[in-house]
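Encoded as C-alpha cells, the structure appears first; notes follow it.
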Amino acid sequence: MDLPLMTQPTCEQDAFWCQTISDWTGNQWLASYADLLIAKPLNILLILIVAFIVRWLVHRTINRLTQGNGQPPKLLTPLRERRADTLTAELLSERRLQRARTIGSVLKSIASLVIYGLAAIYVLQVLSIQIAPVLASAGVLGVAVAFGAQNLVRDFLSGMFMLVEDQYGVGDVVDLGEASGTVEAVGLRVTTLRDINGTVWYVRNGEILRVGNSSQGFAVAVVDFPISHTSDVQKAIEVAAKVATEATSREPLSKDVLNPPEMLGVDQITSDTITLRLTTKVRPGRQWSVQRRLRAEIKRAYDEQDIEPPYPYGRPLPPSPVA
C-alpha cells in the first residue's frame, strides 16, 4: 500500500521550491520535500554566512580600536587613566596596549557569544523547533553553572574593573595584601607578581581587597639618618641637604629624581638617637635605589665632618645602671 505522501505530493509549504524542483526533475516526491531538503538548508547556510560575516566585521572593528599604531588605543579614549607624566614612553605604551588588548579580547568573546547565540536561535526557528523549552532549559543550566562558578565570575568581574580603572599594570610595584612585588602579568582571572626574593605569586583578582601601588605617576624617596645627641643638629641638617642636592644633580641620580630634595629636619627624638628626615620626588619604582645612594653619600659626608652616629665605632657604650 502506497503512502499518501509518496503518491500525492503537495506544495503547500513552499510552492516556489516545490514547483521549481518538480519542473527540473519531474520527481513529485522530491518536489514535495523541497522545503526540507533545499529551502531550509539554504536558509541555515545563509544564517551561518551572515553570522560569520558579522562576527568578522565586529572583531575587525575591535582590533582597530585596540591597535594604537603609534598612538594611544582608541578603545581607552573614554576610559579613566591615571596621570602618568613621569612614566617612560615604553612602559606607558605597554600598559595601554595591555589594557586595550585584554578588554578587546573580552569584547570579542562576548560578541562571538551573542552573534552565534542569535544565529543558533534563528536556525532552530528555521527547523520549526520550539525555542521556549530550550531557553528555559538554558536558563536553569545557567543558574546552576553560576552557583558553581561564582568565584570564577567574581575573579572575572574584578579583573575587568581593575583593567578599566587602571589600578595597576605590568611593571608596577604593588602590595596586594598577602603578596607584594613587581607585576609581571595582569589577566582577567589572575594577577602574577614576582617579589624581591624572586618568588612568583599568582593572586586571584576576586581575592584582592586592596591595592597599594608604588609606581603610579611618581614615588617619594624617604631617607632617615640618625645622629647622636652630642652632634650639632643644625650642622647635620645643612650637610645632609647640601650633599643630597649635589648628589641628585649629577648622574646617575639626576635621571631618577624629579624635584630637588627637601630637608624636613628632625623627625624623631629618642633616648638614644636624633633622627633626621629628607625626602625627594622620584620616578616610579626608583625610590629604593635613590634612598640607598643618598644614604651612602650622607654617611660619607658625616664621616668627613665628624658628625657622629648614635653609637660611633670604637667608643664604648655607657654602662647600664645597676639595679
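Residue names in the C-alpha cells use chain letters A, B, ... in the order shown, residue numbers from 1 in each chain, and ligand numbers from 1 in the order shown.
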
Requested in this report: List the neighbours of Asp175 of chain A out to 10 Å using only C-alpha atoms; skip same-chain residues closer than 4 positions along the sequence, and give me the result as a PyMOL selection string.
Outcome: chain A and resi 179-183+193+195+208+210-214

Query raised in the report: Could you name the residues that touch Ala111 of chain A at 12 Å or less, counting only C-alpha atoms, but leaving out those on the same chain fewer than 4 positions away, as JSON, numbers by chain?
Result: {"A": [51, 52, 54, 55, 56, 57, 58, 59, 60, 61, 62, 104, 105, 106, 107, 115, 116, 117, 118]}

Take the residues from that selection and write them out as a short mmCIF file (atom, residue, chain, number, x, y, z; two decimals), in the first residue's frame, keeping N, CA, C and O atoms.
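Saved as again-v9.cif:
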data_model
loop_
_atom_site.label_atom_id
_atom_site.label_comp_id
_atom_site.auth_asym_id
_atom_site.auth_seq_id
_atom_site.Cartn_x
_atom_site.Cartn_y
_atom_site.Cartn_z
N ALA A 51 26.21 35.30 10.00
CA ALA A 51 26.81 35.32 11.34
C ALA A 51 28.33 35.42 11.26
O ALA A 51 28.95 36.20 12.00
N PHE A 52 28.95 34.65 10.36
CA PHE A 52 30.41 34.72 10.21
C PHE A 52 30.84 36.11 9.73
O PHE A 52 31.85 36.65 10.21
N VAL A 54 29.23 39.02 10.11
CA VAL A 54 29.03 40.00 11.19
C VAL A 54 30.10 39.84 12.25
O VAL A 54 30.66 40.83 12.74
N ARG A 55 30.41 38.59 12.61
CA ARG A 55 31.46 38.36 13.61
C ARG A 55 32.80 38.90 13.12
O ARG A 55 33.56 39.53 13.88
N TRP A 56 33.14 38.66 11.84
CA TRP A 56 34.40 39.15 11.30
C TRP A 56 34.46 40.67 11.32
O TRP A 56 35.49 41.26 11.67
N LEU A 57 33.35 41.33 10.98
CA LEU A 57 33.32 42.79 10.98
C LEU A 57 33.47 43.34 12.39
O LEU A 57 34.20 44.31 12.62
N VAL A 58 32.77 42.71 13.35
CA VAL A 58 32.85 43.17 14.74
C VAL A 58 34.26 42.98 15.28
O VAL A 58 34.83 43.87 15.92
N HIS A 59 34.86 41.82 15.04
CA HIS A 59 36.22 41.56 15.52
C HIS A 59 37.22 42.51 14.85
O HIS A 59 38.16 42.97 15.50
N ARG A 60 37.02 42.79 13.57
CA ARG A 60 37.92 43.71 12.90
C ARG A 60 37.82 45.11 13.50
O ARG A 60 38.82 45.80 13.69
N THR A 61 36.59 45.52 13.81
CA THR A 61 36.41 46.84 14.43
C THR A 61 37.08 46.90 15.80
O THR A 61 37.76 47.89 16.13
N ILE A 62 36.93 45.84 16.59
CA ILE A 62 37.56 45.81 17.91
C ILE A 62 39.08 45.82 17.78
O ILE A 62 39.78 46.50 18.54
N GLY A 104 39.75 44.25 24.72
CA GLY A 104 39.32 43.84 23.38
C GLY A 104 39.06 42.36 23.28
O GLY A 104 38.12 41.92 22.61
N SER A 105 39.88 41.55 23.95
CA SER A 105 39.67 40.11 23.95
C SER A 105 38.33 39.75 24.59
O SER A 105 37.60 38.88 24.09
N VAL A 106 38.01 40.43 25.68
CA VAL A 106 36.73 40.17 26.33
C VAL A 106 35.57 40.59 25.43
O VAL A 106 34.58 39.87 25.27
N LEU A 107 35.70 41.75 24.80
CA LEU A 107 34.64 42.22 23.90
C LEU A 107 34.44 41.27 22.73
O LEU A 107 33.30 41.01 22.31
N ILE A 115 26.53 36.77 18.84
CA ILE A 115 26.24 36.54 17.42
C ILE A 115 25.91 35.08 17.15
O ILE A 115 24.90 34.76 16.50
N TYR A 116 26.73 34.18 17.66
CA TYR A 116 26.46 32.76 17.44
C TYR A 116 25.21 32.30 18.18
O TYR A 116 24.50 31.40 17.71
N GLY A 117 24.93 32.90 19.33
CA GLY A 117 23.70 32.56 20.04
C GLY A 117 22.46 32.95 19.25
O GLY A 117 21.50 32.17 19.13
N LEU A 118 22.47 34.16 18.70
CA LEU A 118 21.34 34.59 17.87
C LEU A 118 21.22 33.73 16.62
O LEU A 118 20.10 33.38 16.19
#

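Straight-line separation from atom CA of Ile131 of chain A to atom CA of Lys108 of chain A: 25.8 Å.
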
Residues of segment 133-235 of chain A at most 9 Å from segment 284-298 of chain A: nearest atom pair and distance in Å, only C-alpha atoms, as a tab-separated table:
residue	atom	partner	partner_atom	distance
A:Gly171	CA	A:Gly285	CA	8.8
A:Asp172	CA	A:Gly285	CA	7.4
A:Val173	CA	A:Gly285	CA	6.6
A:Ser214	CA	A:Gly285	CA	6.5
A:Ser215	CA	A:Pro284	CA	4.2
A:Gln216	CA	A:Pro284	CA	6.2
A:Gly217	CA	A:Pro284	CA	6.3
A:Phe218	CA	A:Pro284	CA	4.5
A:Ala219	CA	A:Pro284	CA	4.9
A:Val220	CA	A:Gln287	CA	6.0
A:Ala221	CA	A:Gln287	CA	4.5
A:Val222	CA	A:Gln291	CA	6.6
A:Val223	CA	A:Gln291	CA	5.8
A:Asp224	CA	A:Arg295	CA	8.2
A:Phe225	CA	A:Arg295	CA	7.5

Take the residues from that selection and write them out as a short mmCIF file (atom, residue, chain, number, x, y, z; two decimals), in the first residue's frame, keeping C-alpha atoms.
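Resulting contents of selection.cif:
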data_model
loop_
_atom_site.label_atom_id
_atom_site.label_comp_id
_atom_site.auth_asym_id
_atom_site.auth_seq_id
_atom_site.Cartn_x
_atom_site.Cartn_y
_atom_site.Cartn_z
CA GLY A 171 55.96 46.71 35.72
CA ASP A 172 54.22 48.33 38.69
CA VAL A 173 55.39 47.58 42.22
CA SER A 214 54.18 52.31 44.48
CA SER A 215 54.71 53.01 40.79
CA GLN A 216 51.85 55.22 39.68
CA GLY A 217 52.78 58.68 38.48
CA PHE A 218 55.70 59.23 40.86
CA ALA A 219 57.22 57.94 44.08
CA VAL A 220 58.83 59.57 47.11
CA ALA A 221 62.24 58.54 48.39
CA VAL A 222 62.33 58.94 52.18
CA VAL A 223 65.80 58.98 53.77
CA ASP A 224 66.10 58.77 57.55
CA PHE A 225 69.51 59.04 59.18
#

Report task. Any chance you could list, as a ChimeraX atom specification, the residues in segment 78-283 of chain A that come up strand (DSSP E) when DSSP is run on the backbone? Result -> /A:173-175,180-186,190-194,200-204,212-213,219-227,262-269,274-282

Query raised in the report: Could you pull out the alpha helix (DSSP H) residues of segment 175-236 of chain A from DSSP and send them as a list in words?
Result: Val233, Gln234, Lys235 and Ala236 of chain A

Residues of the last selection are to be written out with N, CA, C and O atoms, as an mmCIF file, in the first residue's frame.
data_model
loop_
_atom_site.group_PDB
_atom_site.id
_atom_site.type_symbol
_atom_site.label_atom_id
_atom_site.label_comp_id
_atom_site.auth_asym_id
_atom_site.auth_seq_id
_atom_site.Cartn_x
_atom_site.Cartn_y
_atom_site.Cartn_z
ATOM 1 N N VAL A 233 73.046 69.455 65.534
ATOM 2 C CA VAL A 233 71.892 69.119 64.702
ATOM 3 C C VAL A 233 71.809 70.031 63.481
ATOM 4 O O VAL A 233 71.579 69.576 62.354
ATOM 5 N N GLN A 234 72.016 71.319 63.676
ATOM 6 C CA GLN A 234 71.920 72.260 62.554
ATOM 7 C C GLN A 234 72.983 71.959 61.495
ATOM 8 O O GLN A 234 72.711 72.008 60.293
ATOM 9 N N LYS A 235 74.197 71.661 61.954
ATOM 10 C CA LYS A 235 75.255 71.322 61.010
ATOM 11 C C LYS A 235 74.921 70.038 60.265
ATOM 12 O O LYS A 235 75.136 69.934 59.036
ATOM 13 N N ALA A 236 74.364 69.058 60.961
ATOM 14 C CA ALA A 236 73.999 67.789 60.322
ATOM 15 C C ALA A 236 72.924 68.009 59.256
ATOM 16 O O ALA A 236 72.962 67.408 58.181
#

Requested in this report: Using only C-alpha atoms, determine which residues lie at most 10 Å from Val123 of chain A, disregarding the query and same-chain residues fewer than 6 positions distant; provide the list as an NGL selection string.
Outcome: :A and (40-41 or 43-48 or 117 or 129)

Using only N, CA and C atoms, please write the residues we just selected to a file, as an mmCIF file, in the first residue's frame.
data_model
loop_
_atom_site.group_PDB
_atom_site.id
_atom_site.type_symbol
_atom_site.label_atom_id
_atom_site.label_comp_id
_atom_site.auth_asym_id
_atom_site.auth_seq_id
_atom_site.Cartn_x
_atom_site.Cartn_y
_atom_site.Cartn_z
ATOM 1 N N LYS A 40 15.199 24.917 3.613
ATOM 2 C CA LYS A 40 15.713 25.072 4.982
ATOM 3 C C LYS A 40 17.235 25.009 5.046
ATOM 4 N N PRO A 41 17.899 24.074 4.353
ATOM 5 C CA PRO A 41 19.378 24.110 4.358
ATOM 6 C C PRO A 41 19.946 25.414 3.807
ATOM 7 N N ASN A 43 18.461 28.353 3.927
ATOM 8 C CA ASN A 43 18.235 29.376 4.959
ATOM 9 C C ASN A 43 19.253 29.263 6.087
ATOM 10 N N ILE A 44 19.527 28.020 6.507
ATOM 11 C CA ILE A 44 20.514 27.818 7.574
ATOM 12 C C ILE A 44 21.900 28.259 7.114
ATOM 13 N N LEU A 45 22.246 27.892 5.865
ATOM 14 C CA LEU A 45 23.537 28.310 5.339
ATOM 15 C C LEU A 45 23.644 29.826 5.265
ATOM 16 N N LEU A 46 22.561 30.484 4.853
ATOM 17 C CA LEU A 46 22.568 31.944 4.783
ATOM 18 C C LEU A 46 22.735 32.559 6.169
ATOM 19 N N ILE A 47 22.061 31.988 7.173
ATOM 20 C CA ILE A 47 22.189 32.497 8.546
ATOM 21 C C ILE A 47 23.623 32.359 9.037
ATOM 22 N N LEU A 48 24.244 31.202 8.772
ATOM 23 C CA LEU A 48 25.622 30.990 9.219
ATOM 24 C C LEU A 48 26.593 31.929 8.507
ATOM 25 N N GLY A 117 24.927 32.904 19.328
ATOM 26 C CA GLY A 117 23.697 32.562 20.038
ATOM 27 C C GLY A 117 22.458 32.953 19.250
ATOM 28 N N ILE A 129 11.668 24.212 15.464
ATOM 29 C CA ILE A 129 11.835 23.689 16.828
ATOM 30 C C ILE A 129 11.412 24.775 17.812
#

Requested in this report: For segment 264-271 of chain A, list every protein, DNA or RNA residue within 7 Å, evaluated using only C-alpha atoms, and leave out those in the same chain fewer than 6 positions away; present the list as a ChimeraX atom specification.
Outcome: /A:237,277-278

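Taking atom CA of Val170 of chain A and atom CA of Val186 of chain A as endpoints, the distance between them is 6.8 Å.
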
**Report entry** Length of the atom CA of Leu209 of chain A to atom CA of Val282 of chain A vector [Å]
**Finding:** 27.6 Å
